[in-house]
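Taking it in order: structure first as structure tokens, then the write-up.
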Amino acid sequence: MPANDAAPGRAVLPTGRPALATQPARDLALHESCLVLDDVTVAYGRRVILSHVDADIPRSQVVSIIGANGSGKSTLLKAIAGLVPLAGGAIRCFGEPIDRMRRHVAYVPQREDVDWSFPVSVRDVVMMGRYPLRGWLRRSAPDDERAVARALDELAIADLASKQIGELSGGQQRRAFIARAIAQEPDVILLDEPMAGIDEQTHDRILALFGEWRAAGKVVLQATHTHVHGGSMIVLRRRGEPGSAEHAEHLGAEGGEHHAQHEHHGRAD
Amino acid sequence: MHSMSITGALTDPLSNSAFVRALVDVSVVAVVAGVIGTFIVLRGTGFLGDALAHSIFPGVVVAFLIGANLLLGALVAGLSAATVMALLTANQRVRDNTAIGVIFTAAFALGVVILSRSDITSGNLEEILFGDPLSAHATDVVLTLTIGVAVLGAVAALWRLFVMAAFDPNGARAMGLPVLALDLLLLALTALTVVVAFKAVGDILVISLLITPAATARLFADRLLPMAALASALGVAAGLAGVYLGYHTGVSAGGTIVLISTAAFFASWLFAPRHGILVAGLARRDRALLRARPEAEAEIILASPEIRAPHEA
Ligand SMILES: Nc1ncnc2c1ncn2[C@@H]1O[C@H](COP(=O)(O)OP(=O)(O)O)[C@@H](O)[C@H]1O
Ligand SMILES: [Mg+2]
């Protein structure tokens with residue numbers, strides 16, 4: 001196939017915020033730029049999915065990554081999570097290369113990516129969120145037990161804690177993974193279609209949690225088909241597919257200082 | 001044929017030091033294989049274990065030809081194969097690379113070719129291919145114990161990291177867990193397990209010792225630690241039975257161990273309390289279920305009068 005067939009998508013998320021270069025790089029609480037995508041290009045082999053994506057996301061943001069199936073939402077999240085190597089550019093978290101900040105990044109995978117028959121309990125899964133905090137080789141302390149109990153409570157799955165993870169319904173499994181993210185006490189939370197196939201109650205619970213996370217200064221990035229009201233967006237479009245001007249308009253009307261533009265060239269096949 | 005009491009059949013051989021060595025050797029191997037096999041079964045990397053088993057064959061053959069300890073030959077070949085596999089898969093998930101299973105089976109062919117040029121007896125060949133725990137030397141047992149303890153120690157130390165990497169490798173990597181390094185370590189531990197197991201059941205049957213007890217345990221256990229413990233226990237039981245049967249009847253102990261393990265697997269597949277197909281099938285017809293209180297209730301609301309609710313006249 002011709003090389004330009006794989007022409008990449010371009011996503012820009014300008015911040016419109018004056019540069020603030022005076023903050024000490026190591027002070028996470030004061031650091032303004034929580035997550036920076038700097039000219040990021042992602043490819044599977046020779047197949048370029050996204051290229052030259054720039055975004056500078058400050059603290060206290062809920063960013064929806066919106067786009068059709070196959071437009072690269074999961075790919076972008078996986079690139080940030082370090083699951084797909086970058087073909088170009090860099091991702092920084094609080095000014096550091098994100099690879100050094102993994103412990104501060106939680107990732108909630110798409111449902112299809114998990115082996116649900118695996119013999120672990122819901123509590124085991126949530127406890128996994130504590131490992132990076134505690135140190136990989138340390139035993140769990142009473143602290144960790146309490147944090148896990150809190151996270152289970154927060155998502156109302158405490159009564160399911162000792163069930164095998166596969167015994168839960170889809171929405172309950174989603175809650176378990178989000179509880180793991182809570183237990184990790186991260187600054188950046190990446191969720192791949194967290195709202196897919198869940199009931200209204202779970203949906204509202206997750207939405208409320210996004211609000212709490214935002215209020216606590218964290219950054220939430222979710223691949224989704226339904227944009228969170230008042231949140232920022234990164235719109236991905238497969239090359240050759242109709243644009244979603246309404247998204248851009250919607251954002252413009254909101255007058256938010258963060259908005260996403262996207263000249264799209266995602267690959268169409 | 002011996003004619004003796006059951007107790008006698010169990011205790012008399014214990015005065016034979018070769019027999020005792022076989023018991024120790026097989027038990028250690030079964031415990032280690034049960035634990036490593038649990039991870040192999042859960043990750044679906046059985047093909048890697050099989051490939052490793054095949055690739056130690058030329059090492060064993062060469063060790064035999066130059067008169068060295070077979071276990072040492074297997075050790076060198078197994079670790080070399082694991083290293084080459086690691087290099088070949090350095091930039092991707094080990095389990096994604098099924099081609100490895102094919103490539104390393106070719107090592108077996110290499111062993112066959114070397115053999116065809118030598119004057120090995122069929123008895124020796126049988127021992128290599130199908131195992132003979134009753135011929136284990138003291139050195140073999142010491143090596144098996146040393147390697148076995150090292151493998152178990154490594155797994156125990158890194159237990160929850162192995163669990164996390166196996167359950168949700170993406171989530172684990174996103175948190176910063178070095179999943180690739182753990183994959184490679186598991187590969188090396190598998191190689192070591194194959195090396196110590198080959199003496200007990202032979203090169204061809206090693207994979208069965210790794211996978212069958214773990215697959216059986218999976219039908220019973222919903223947690224990892226019980227699964228590993230049960231796999232080890234099942235392996236030890238089959239191992240001991242095989243050694244006794246081999247001792248008393250002269251049939252191949254290695255082959256017997258594998259057959260007993262496999263029989264246990266099929267019996268469990270049918271009768272395991274929760275996941276056995278027969279038991280699950282019978283439970284479905286249990287009338288007591290009709291009287292039990294359900295967790296959910298169904299209310300039928302119909303918009304169209306043409307459609308009747310079930311059981312409505
Ligand atoms: N592991 C992979 N190897 C090759 N191509 C991939 C892989 N994963 C995804 N793709 C391709 O990348 C594109 C974007 O996929 P993805 O990010 O999963 O889309 P989305 O999550 O928006 O539905 C699709 O065309 C898909 O076929
Ligand atoms: Mg996706």
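If you're wondering about the labels, chains in the structure tokens are A, B, ... by order shown, residues count from 1 in each chain, ligands from 1 in order shown.
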task = Pull out every residue of chain A that has at least one atom within 9 Å of chain B, counting only C-alpha atoms, and report them as a ChimeraX atom specification.
result = /A:78,80-83,99-109,113-121,125,128-129,131-132,136-137,163-164,184
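Residue neighbourhood of B:Gly73, excluding near-sequence residues (fewer than 4 positions): B:Ser55, B:Ile56, B:Phe57, B:Pro58, B:Gly59, B:Val60, B:Val61, B:Val62, B:Ala63, B:Phe64, B:Leu65, B:Ile66, B:Gly67, B:Ala68, B:Asn69, B:Ala77, B:Gly78, B:Leu79, B:Ser80, B:Ile128, B:Asp140, B:Val195, B:Val196, B:Phe198, B:Lys199, at 12 Å, using only C-alpha atoms.
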Hey, which residues come within 9 Å of ligand 2 if we count only C-alpha atoms and all ligand atoms? Could you give them as a JSON list (two decimals) with N, CA, C and O atoms, in the first residue's frame?
```
[["chain", "number", "residue", "atom", "x", "y", "z"],
["A", 69, "ASN", "N", -15.13, 3.90, 16.60],
["A", 69, "ASN", "CA", -14.35, 2.68, 16.80],
["A", 69, "ASN", "C", -13.16, 2.68, 15.86],
["A", 69, "ASN", "O", -13.30, 3.01, 14.68],
["A", 70, "GLY", "N", -12.01, 2.36, 16.39],
["A", 70, "GLY", "CA", -10.82, 2.29, 15.54],
["A", 70, "GLY", "C", -10.17, 3.62, 15.28],
["A", 70, "GLY", "O", -9.23, 3.73, 14.49],
["A", 71, "SER", "N", -10.64, 4.69, 15.94],
["A", 71, "SER", "CA", -10.05, 6.00, 15.68],
["A", 71, "SER", "C", -8.78, 6.22, 16.49],
["A", 71, "SER", "O", -8.09, 7.21, 16.29],
["A", 72, "GLY", "N", -8.47, 5.32, 17.41],
["A", 72, "GLY", "CA", -7.20, 5.43, 18.14],
["A", 72, "GLY", "C", -7.32, 5.84, 19.59],
["A", 72, "GLY", "O", -6.32, 6.20, 20.22],
["A", 73, "LYS", "N", -8.52, 5.75, 20.15],
["A", 73, "LYS", "CA", -8.70, 6.14, 21.56],
["A", 73, "LYS", "C", -7.86, 5.24, 22.48],
["A", 73, "LYS", "O", -7.09, 5.73, 23.30],
["A", 74, "SER", "N", -8.04, 3.95, 22.30],
["A", 74, "SER", "CA", -7.28, 3.01, 23.14],
["A", 74, "SER", "C", -5.79, 3.17, 22.90],
["A", 74, "SER", "O", -4.99, 3.09, 23.83],
["A", 75, "THR", "N", -5.44, 3.40, 21.64],
["A", 75, "THR", "CA", -4.02, 3.54, 21.30],
["A", 75, "THR", "C", -3.40, 4.73, 22.04],
["A", 75, "THR", "O", -2.31, 4.63, 22.59],
["A", 77, "LEU", "N", -4.47, 6.11, 24.85],
["A", 77, "LEU", "CA", -4.39, 5.80, 26.28],
["A", 77, "LEU", "C", -3.24, 4.84, 26.56],
["A", 77, "LEU", "O", -2.51, 4.98, 27.53],
["A", 110, "GLN", "N", -9.70, -1.76, 29.01],
["A", 110, "GLN", "CA", -10.95, -2.08, 28.36],
["A", 110, "GLN", "C", -11.35, -3.49, 28.81],
["A", 110, "GLN", "O", -10.50, -4.33, 29.06],
["A", 192, "ASP", "N", -10.24, 3.23, 29.86],
["A", 192, "ASP", "CA", -10.63, 2.90, 28.49],
["A", 192, "ASP", "C", -12.09, 2.47, 28.45],
["A", 192, "ASP", "O", -12.44, 1.38, 28.89],
["A", 193, "GLU", "N", -12.93, 3.33, 27.96],
["A", 193, "GLU", "CA", -14.37, 3.11, 27.88],
["A", 193, "GLU", "C", -14.96, 2.62, 29.21],
["A", 193, "GLU", "O", -15.58, 1.56, 29.28],
["A", 223, "ALA", "N", -11.43, 7.27, 27.48],
["A", 223, "ALA", "CA", -11.93, 7.02, 26.14],
["A", 223, "ALA", "C", -13.42, 6.79, 26.29],
["A", 223, "ALA", "O", -13.85, 6.05, 27.17],
["A", 224, "THR", "N", -14.21, 7.43, 25.46],
["A", 224, "THR", "CA", -15.66, 7.37, 25.70],
["A", 224, "THR", "C", -16.42, 7.74, 24.44],
["A", 224, "THR", "O", -15.85, 8.24, 23.48]]
```
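Using only C-alpha atoms, the residues found no farther than 9 Å from stretch 152-158 of chain A, other than those of its own chain fewer than 5 positions away, are A:Val122, A:Arg123, A:Val126, A:Ala147, A:Gln172, A:Arg175, A:Ala176, A:Ile178, A:Ala179, A:Arg180, A:Ile182, A:Ala183, A:Thr202, A:Arg205, A:Ile206, A:Leu209.
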request  = Mind checking which residues fall within 6 Å of stretch 232-237 of chain B, counting only C-alpha atoms, ignoring those fewer than 3 positions away in the same chain, and posting them as number ranges by chain?
outcome  = B: 27, 30-31, 34, 213, 229, 240
inquiry  = Can you tell me which residues surround stretch 6-12 of chain B at a distance of at most 12 Å, considering only C-alpha atoms, apart from same-chain residues fewer than 5 positions away, and format the answer as a PyMOL selection string?
reply    = chain B and resi 1+17+19-20+23+240-241+243-245+247-249
Output all heavy atoms for every residue in the selection just made, as an mmCIF file, in the first residue's frame.
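And here's selection-v9.cif as it stands now:
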```cif
data_model
loop_
_atom_site.group_PDB
_atom_site.id
_atom_site.type_symbol
_atom_site.label_atom_id
_atom_site.label_comp_id
_atom_site.auth_asym_id
_atom_site.auth_seq_id
_atom_site.Cartn_x
_atom_site.Cartn_y
_atom_site.Cartn_z
ATOM 1 N N MET B 1 6.529 -61.151 40.189
ATOM 2 C CA MET B 1 5.497 -60.532 41.046
ATOM 3 C C MET B 1 5.744 -60.770 42.517
ATOM 4 O O MET B 1 6.111 -61.872 42.916
ATOM 5 C CB MET B 1 4.110 -61.132 40.675
ATOM 6 C CG MET B 1 3.312 -60.268 39.737
ATOM 7 S SD MET B 1 2.680 -58.848 40.600
ATOM 8 C CE MET B 1 3.010 -57.540 39.510
ATOM 9 N N SER B 17 17.741 -48.057 48.774
ATOM 10 C CA SER B 17 18.110 -46.638 48.705
ATOM 11 C C SER B 17 17.783 -46.029 47.335
ATOM 12 O O SER B 17 17.427 -44.857 47.239
ATOM 13 C CB SER B 17 19.585 -46.444 49.045
ATOM 14 O OG SER B 17 20.376 -47.154 48.117
ATOM 15 N N PHE B 19 15.210 -46.688 45.621
ATOM 16 C CA PHE B 19 13.779 -46.396 45.674
ATOM 17 C C PHE B 19 13.521 -45.103 46.444
ATOM 18 O O PHE B 19 12.737 -44.250 46.030
ATOM 19 C CB PHE B 19 13.050 -47.571 46.330
ATOM 20 C CG PHE B 19 11.566 -47.391 46.375
ATOM 21 C CD1 PHE B 19 10.775 -47.736 45.288
ATOM 22 C CD2 PHE B 19 10.945 -46.854 47.494
ATOM 23 C CE1 PHE B 19 9.411 -47.550 45.319
ATOM 24 C CE2 PHE B 19 9.582 -46.665 47.537
ATOM 25 C CZ PHE B 19 8.812 -47.017 46.442
ATOM 26 N N VAL B 20 14.209 -44.971 47.574
ATOM 27 C CA VAL B 20 14.016 -43.765 48.384
ATOM 28 C C VAL B 20 14.448 -42.526 47.597
ATOM 29 O O VAL B 20 13.771 -41.494 47.610
ATOM 30 C CB VAL B 20 14.794 -43.866 49.710
ATOM 31 C CG1 VAL B 20 14.728 -42.554 50.478
ATOM 32 C CG2 VAL B 20 14.245 -45.008 50.544
ATOM 33 N N LEU B 23 11.729 -41.643 45.270
ATOM 34 C CA LEU B 23 10.593 -40.992 45.938
ATOM 35 C C LEU B 23 10.884 -39.517 46.188
ATOM 36 O O LEU B 23 10.062 -38.641 45.903
ATOM 37 C CB LEU B 23 10.299 -41.665 47.278
ATOM 38 C CG LEU B 23 9.521 -42.977 47.276
ATOM 39 C CD1 LEU B 23 9.102 -43.330 48.699
ATOM 40 C CD2 LEU B 23 8.299 -42.899 46.382
ATOM 41 N N LEU B 240 4.282 -40.554 43.472
ATOM 42 C CA LEU B 240 4.513 -41.661 44.409
ATOM 43 C C LEU B 240 3.866 -42.939 43.882
ATOM 44 O O LEU B 240 4.478 -44.015 43.879
ATOM 45 C CB LEU B 240 3.952 -41.312 45.792
ATOM 46 C CG LEU B 240 4.597 -40.101 46.489
ATOM 47 C CD1 LEU B 240 4.081 -39.961 47.911
ATOM 48 C CD2 LEU B 240 6.116 -40.224 46.485
ATOM 49 N N ALA B 241 2.634 -42.830 43.410
ATOM 50 C CA ALA B 241 1.951 -44.010 42.876
ATOM 51 C C ALA B 241 2.741 -44.607 41.720
ATOM 52 O O ALA B 241 2.909 -45.831 41.621
ATOM 53 C CB ALA B 241 0.536 -43.631 42.429
ATOM 54 N N VAL B 243 5.962 -44.361 41.087
ATOM 55 C CA VAL B 243 7.229 -44.972 41.520
ATOM 56 C C VAL B 243 6.968 -46.349 42.149
ATOM 57 O O VAL B 243 7.655 -47.323 41.856
ATOM 58 C CB VAL B 243 7.970 -44.038 42.501
ATOM 59 C CG1 VAL B 243 9.183 -44.745 43.099
ATOM 60 C CG2 VAL B 243 8.413 -42.770 41.787
ATOM 61 N N TYR B 244 5.924 -46.423 42.990
ATOM 62 C CA TYR B 244 5.603 -47.723 43.601
ATOM 63 C C TYR B 244 5.215 -48.752 42.535
ATOM 64 O O TYR B 244 5.694 -49.880 42.532
ATOM 65 C CB TYR B 244 4.461 -47.567 44.614
ATOM 66 C CG TYR B 244 4.949 -47.253 46.011
ATOM 67 C CD1 TYR B 244 4.864 -45.969 46.529
ATOM 68 C CD2 TYR B 244 5.503 -48.248 46.814
ATOM 69 C CE1 TYR B 244 5.313 -45.674 47.805
ATOM 70 C CE2 TYR B 244 5.966 -47.960 48.094
ATOM 71 C CZ TYR B 244 5.867 -46.681 48.581
ATOM 72 O OH TYR B 244 6.324 -46.399 49.837
ATOM 73 N N LEU B 245 4.344 -48.343 41.639
ATOM 74 C CA LEU B 245 3.897 -49.277 40.604
ATOM 75 C C LEU B 245 5.072 -49.719 39.742
ATOM 76 O O LEU B 245 5.216 -50.897 39.414
ATOM 77 C CB LEU B 245 2.821 -48.628 39.725
ATOM 78 C CG LEU B 245 1.406 -48.710 40.283
ATOM 79 C CD1 LEU B 245 0.451 -47.869 39.452
ATOM 80 C CD2 LEU B 245 0.955 -50.182 40.304
ATOM 81 N N TYR B 247 8.148 -49.853 40.623
ATOM 82 C CA TYR B 247 9.034 -50.703 41.410
ATOM 83 C C TYR B 247 8.490 -52.129 41.491
ATOM 84 O O TYR B 247 9.203 -53.098 41.284
ATOM 85 C CB TYR B 247 9.176 -50.120 42.818
ATOM 86 C CG TYR B 247 10.090 -50.903 43.723
ATOM 87 C CD1 TYR B 247 11.473 -50.719 43.673
ATOM 88 C CD2 TYR B 247 9.566 -51.822 44.634
ATOM 89 C CE1 TYR B 247 12.308 -51.442 44.509
ATOM 90 C CE2 TYR B 247 10.395 -52.545 45.469
ATOM 91 C CZ TYR B 247 11.768 -52.350 45.404
ATOM 92 O OH TYR B 247 12.596 -53.059 46.231
ATOM 93 N N HIS B 248 7.196 -52.239 41.767
ATOM 94 C CA HIS B 248 6.626 -53.571 41.986
ATOM 95 C C HIS B 248 6.361 -54.316 40.688
ATOM 96 O O HIS B 248 6.453 -55.537 40.644
ATOM 97 C CB HIS B 248 5.322 -53.461 42.781
ATOM 98 C CG HIS B 248 5.549 -53.158 44.232
ATOM 99 N ND1 HIS B 248 6.299 -53.974 45.049
ATOM 100 C CD2 HIS B 248 5.135 -52.126 45.010
ATOM 101 C CE1 HIS B 248 6.337 -53.460 46.275
ATOM 102 N NE2 HIS B 248 5.651 -52.322 46.275
ATOM 103 N N THR B 249 5.974 -53.627 39.637
ATOM 104 C CA THR B 249 5.552 -54.339 38.427
ATOM 105 C C THR B 249 6.553 -54.220 37.293
ATOM 106 O O THR B 249 6.439 -54.936 36.303
ATOM 107 C CB THR B 249 4.204 -53.790 37.911
ATOM 108 O OG1 THR B 249 4.433 -52.449 37.453
ATOM 109 C CG2 THR B 249 3.159 -53.780 39.015
#
```
message = To check your reading of the model: which residues sit at most 12 Å from ligand 1 when counting only C-alpha atoms and all ligand atoms? Write the answer as an NGL selection string.
response = (:A and (6 or 8-9 or 42-50 or 64-79 or 83-85 or 109-113 or 191-194 or 222-225 or 234-239 or 265-269)) or (:B and (92-93 or 96))
task = Write out as a PyMOL selection string the residues lying within 9 Å of B:Val32, counting only C-alpha atoms and excluding same-chain residues fewer than 3 positions away.
result = chain B and resi 27-29+35-37+148-149+151-152+193+197+210+232
Any chance you can output those residues with N, CA, C and O atoms as a PDB file, in the first residue's frame?
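In the end it all went to out.pdb:
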```pdb
ATOM      1  N   SER B  27       9.023 -36.416  44.272  1.00  0.00           N
ATOM      2  CA  SER B  27       8.217 -35.503  45.083  1.00  0.00           C
ATOM      3  C   SER B  27       8.660 -34.062  44.899  1.00  0.00           C
ATOM      4  O   SER B  27       7.827 -33.167  44.705  1.00  0.00           O
ATOM      5  N   VAL B  28       9.969 -33.839  44.947  1.00  0.00           N
ATOM      6  CA  VAL B  28      10.470 -32.470  44.771  1.00  0.00           C
ATOM      7  C   VAL B  28      10.054 -31.938  43.406  1.00  0.00           C
ATOM      8  O   VAL B  28       9.535 -30.820  43.272  1.00  0.00           O
ATOM      9  N   VAL B  29      10.268 -32.763  42.389  1.00  0.00           N
ATOM     10  CA  VAL B  29       9.930 -32.354  41.027  1.00  0.00           C
ATOM     11  C   VAL B  29       8.444 -32.019  40.923  1.00  0.00           C
ATOM     12  O   VAL B  29       8.060 -31.009  40.331  1.00  0.00           O
ATOM     13  N   VAL B  35       3.766 -25.784  41.011  1.00  0.00           N
ATOM     14  CA  VAL B  35       3.763 -24.326  41.194  1.00  0.00           C
ATOM     15  C   VAL B  35       4.026 -23.610  39.865  1.00  0.00           C
ATOM     16  O   VAL B  35       3.275 -22.715  39.464  1.00  0.00           O
ATOM     17  N   ILE B  36       5.088 -24.019  39.179  1.00  0.00           N
ATOM     18  CA  ILE B  36       5.401 -23.377  37.898  1.00  0.00           C
ATOM     19  C   ILE B  36       4.285 -23.664  36.882  1.00  0.00           C
ATOM     20  O   ILE B  36       3.879 -22.788  36.114  1.00  0.00           O
ATOM     21  N   GLY B  37       3.772 -24.897  36.925  1.00  0.00           N
ATOM     22  CA  GLY B  37       2.698 -25.274  36.003  1.00  0.00           C
ATOM     23  C   GLY B  37       1.464 -24.415  36.186  1.00  0.00           C
ATOM     24  O   GLY B  37       0.760 -24.090  35.235  1.00  0.00           O
ATOM     25  N   GLY B 148      15.329 -27.171  42.793  1.00  0.00           N
ATOM     26  CA  GLY B 148      13.928 -27.079  43.207  1.00  0.00           C
ATOM     27  C   GLY B 148      13.718 -26.023  44.278  1.00  0.00           C
ATOM     28  O   GLY B 148      12.803 -25.193  44.191  1.00  0.00           O
ATOM     29  N   VAL B 149      14.581 -26.022  45.270  1.00  0.00           N
ATOM     30  CA  VAL B 149      14.447 -25.043  46.355  1.00  0.00           C
ATOM     31  C   VAL B 149      14.671 -23.630  45.815  1.00  0.00           C
ATOM     32  O   VAL B 149      13.958 -22.685  46.178  1.00  0.00           O
ATOM     33  N   VAL B 151      14.080 -22.535  42.759  1.00  0.00           N
ATOM     34  CA  VAL B 151      12.913 -22.136  41.967  1.00  0.00           C
ATOM     35  C   VAL B 151      11.756 -21.736  42.881  1.00  0.00           C
ATOM     36  O   VAL B 151      11.140 -20.674  42.714  1.00  0.00           O
ATOM     37  N   LEU B 152      11.497 -22.582  43.891  1.00  0.00           N
ATOM     38  CA  LEU B 152      10.392 -22.270  44.808  1.00  0.00           C
ATOM     39  C   LEU B 152      10.661 -20.978  45.572  1.00  0.00           C
ATOM     40  O   LEU B 152       9.757 -20.170  45.787  1.00  0.00           O
ATOM     41  N   THR B 193      12.754 -26.041  35.831  1.00  0.00           N
ATOM     42  CA  THR B 193      11.793 -27.075  36.215  1.00  0.00           C
ATOM     43  C   THR B 193      11.809 -28.231  35.221  1.00  0.00           C
ATOM     44  O   THR B 193      11.779 -29.407  35.602  1.00  0.00           O
ATOM     45  N   ALA B 197      12.674 -32.078  35.978  1.00  0.00           N
ATOM     46  CA  ALA B 197      11.555 -33.005  35.798  1.00  0.00           C
ATOM     47  C   ALA B 197      11.867 -34.091  34.767  1.00  0.00           C
ATOM     48  O   ALA B 197      11.294 -35.169  34.805  1.00  0.00           O
ATOM     49  N   LEU B 210       4.125 -30.775  34.107  1.00  0.00           N
ATOM     50  CA  LEU B 210       3.955 -29.352  34.356  1.00  0.00           C
ATOM     51  C   LEU B 210       2.486 -28.945  34.278  1.00  0.00           C
ATOM     52  O   LEU B 210       1.991 -28.180  35.094  1.00  0.00           O
ATOM     53  N   SER B 232       0.529 -29.184  43.148  1.00  0.00           N
ATOM     54  CA  SER B 232       1.706 -29.867  43.688  1.00  0.00           C
ATOM     55  C   SER B 232       1.308 -31.184  44.353  1.00  0.00           C
ATOM     56  O   SER B 232       1.939 -32.224  44.132  1.00  0.00           O
TER      57      SER B 232
END
```
message = Could you pull out the helix (DSSP H, G or I) residues of stretch 105-230 of chain B, going by DSSP on the backbone, and write them as a ChimeraX atom specification?
response = /B:105-116,122-130,133-135,138-157,159-167,169-174,179-201,206-218,224-230
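Put simply, atom CA of B:Gly131 is 20.3 Å away from atom CA of B:Val113.
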Env of B:Asp203: 6 Å cut, atoms = only C-alpha atoms, seq-sep filter 3 positions within chain, self excluded. Answer as an mmCIF file with N, CA, C and O atoms, in the first residue's frame.
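Result file part.cif:
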```
data_model
loop_
_atom_site.group_PDB
_atom_site.id
_atom_site.type_symbol
_atom_site.label_atom_id
_atom_site.label_comp_id
_atom_site.auth_asym_id
_atom_site.auth_seq_id
_atom_site.Cartn_x
_atom_site.Cartn_y
_atom_site.Cartn_z
ATOM 1 N N ALA B 53 11.277 -28.270 26.841
ATOM 2 C CA ALA B 53 11.496 -29.703 27.044
ATOM 3 C C ALA B 53 12.174 -30.315 25.822
ATOM 4 O O ALA B 53 13.117 -31.098 25.931
ATOM 5 N N LEU B 129 14.052 -40.523 26.977
ATOM 6 C CA LEU B 129 12.772 -40.079 26.429
ATOM 7 C C LEU B 129 11.627 -40.254 27.427
ATOM 8 O O LEU B 129 10.721 -39.426 27.490
ATOM 9 N N PHE B 198 12.787 -33.803 33.874
ATOM 10 C CA PHE B 198 12.997 -34.741 32.760
ATOM 11 C C PHE B 198 13.512 -36.080 33.269
ATOM 12 O O PHE B 198 13.216 -37.131 32.736
ATOM 13 N N VAL B 206 7.647 -34.537 30.133
ATOM 14 C CA VAL B 206 7.826 -33.438 31.080
ATOM 15 C C VAL B 206 6.641 -32.480 31.059
ATOM 16 O O VAL B 206 6.123 -32.068 32.102
#
```
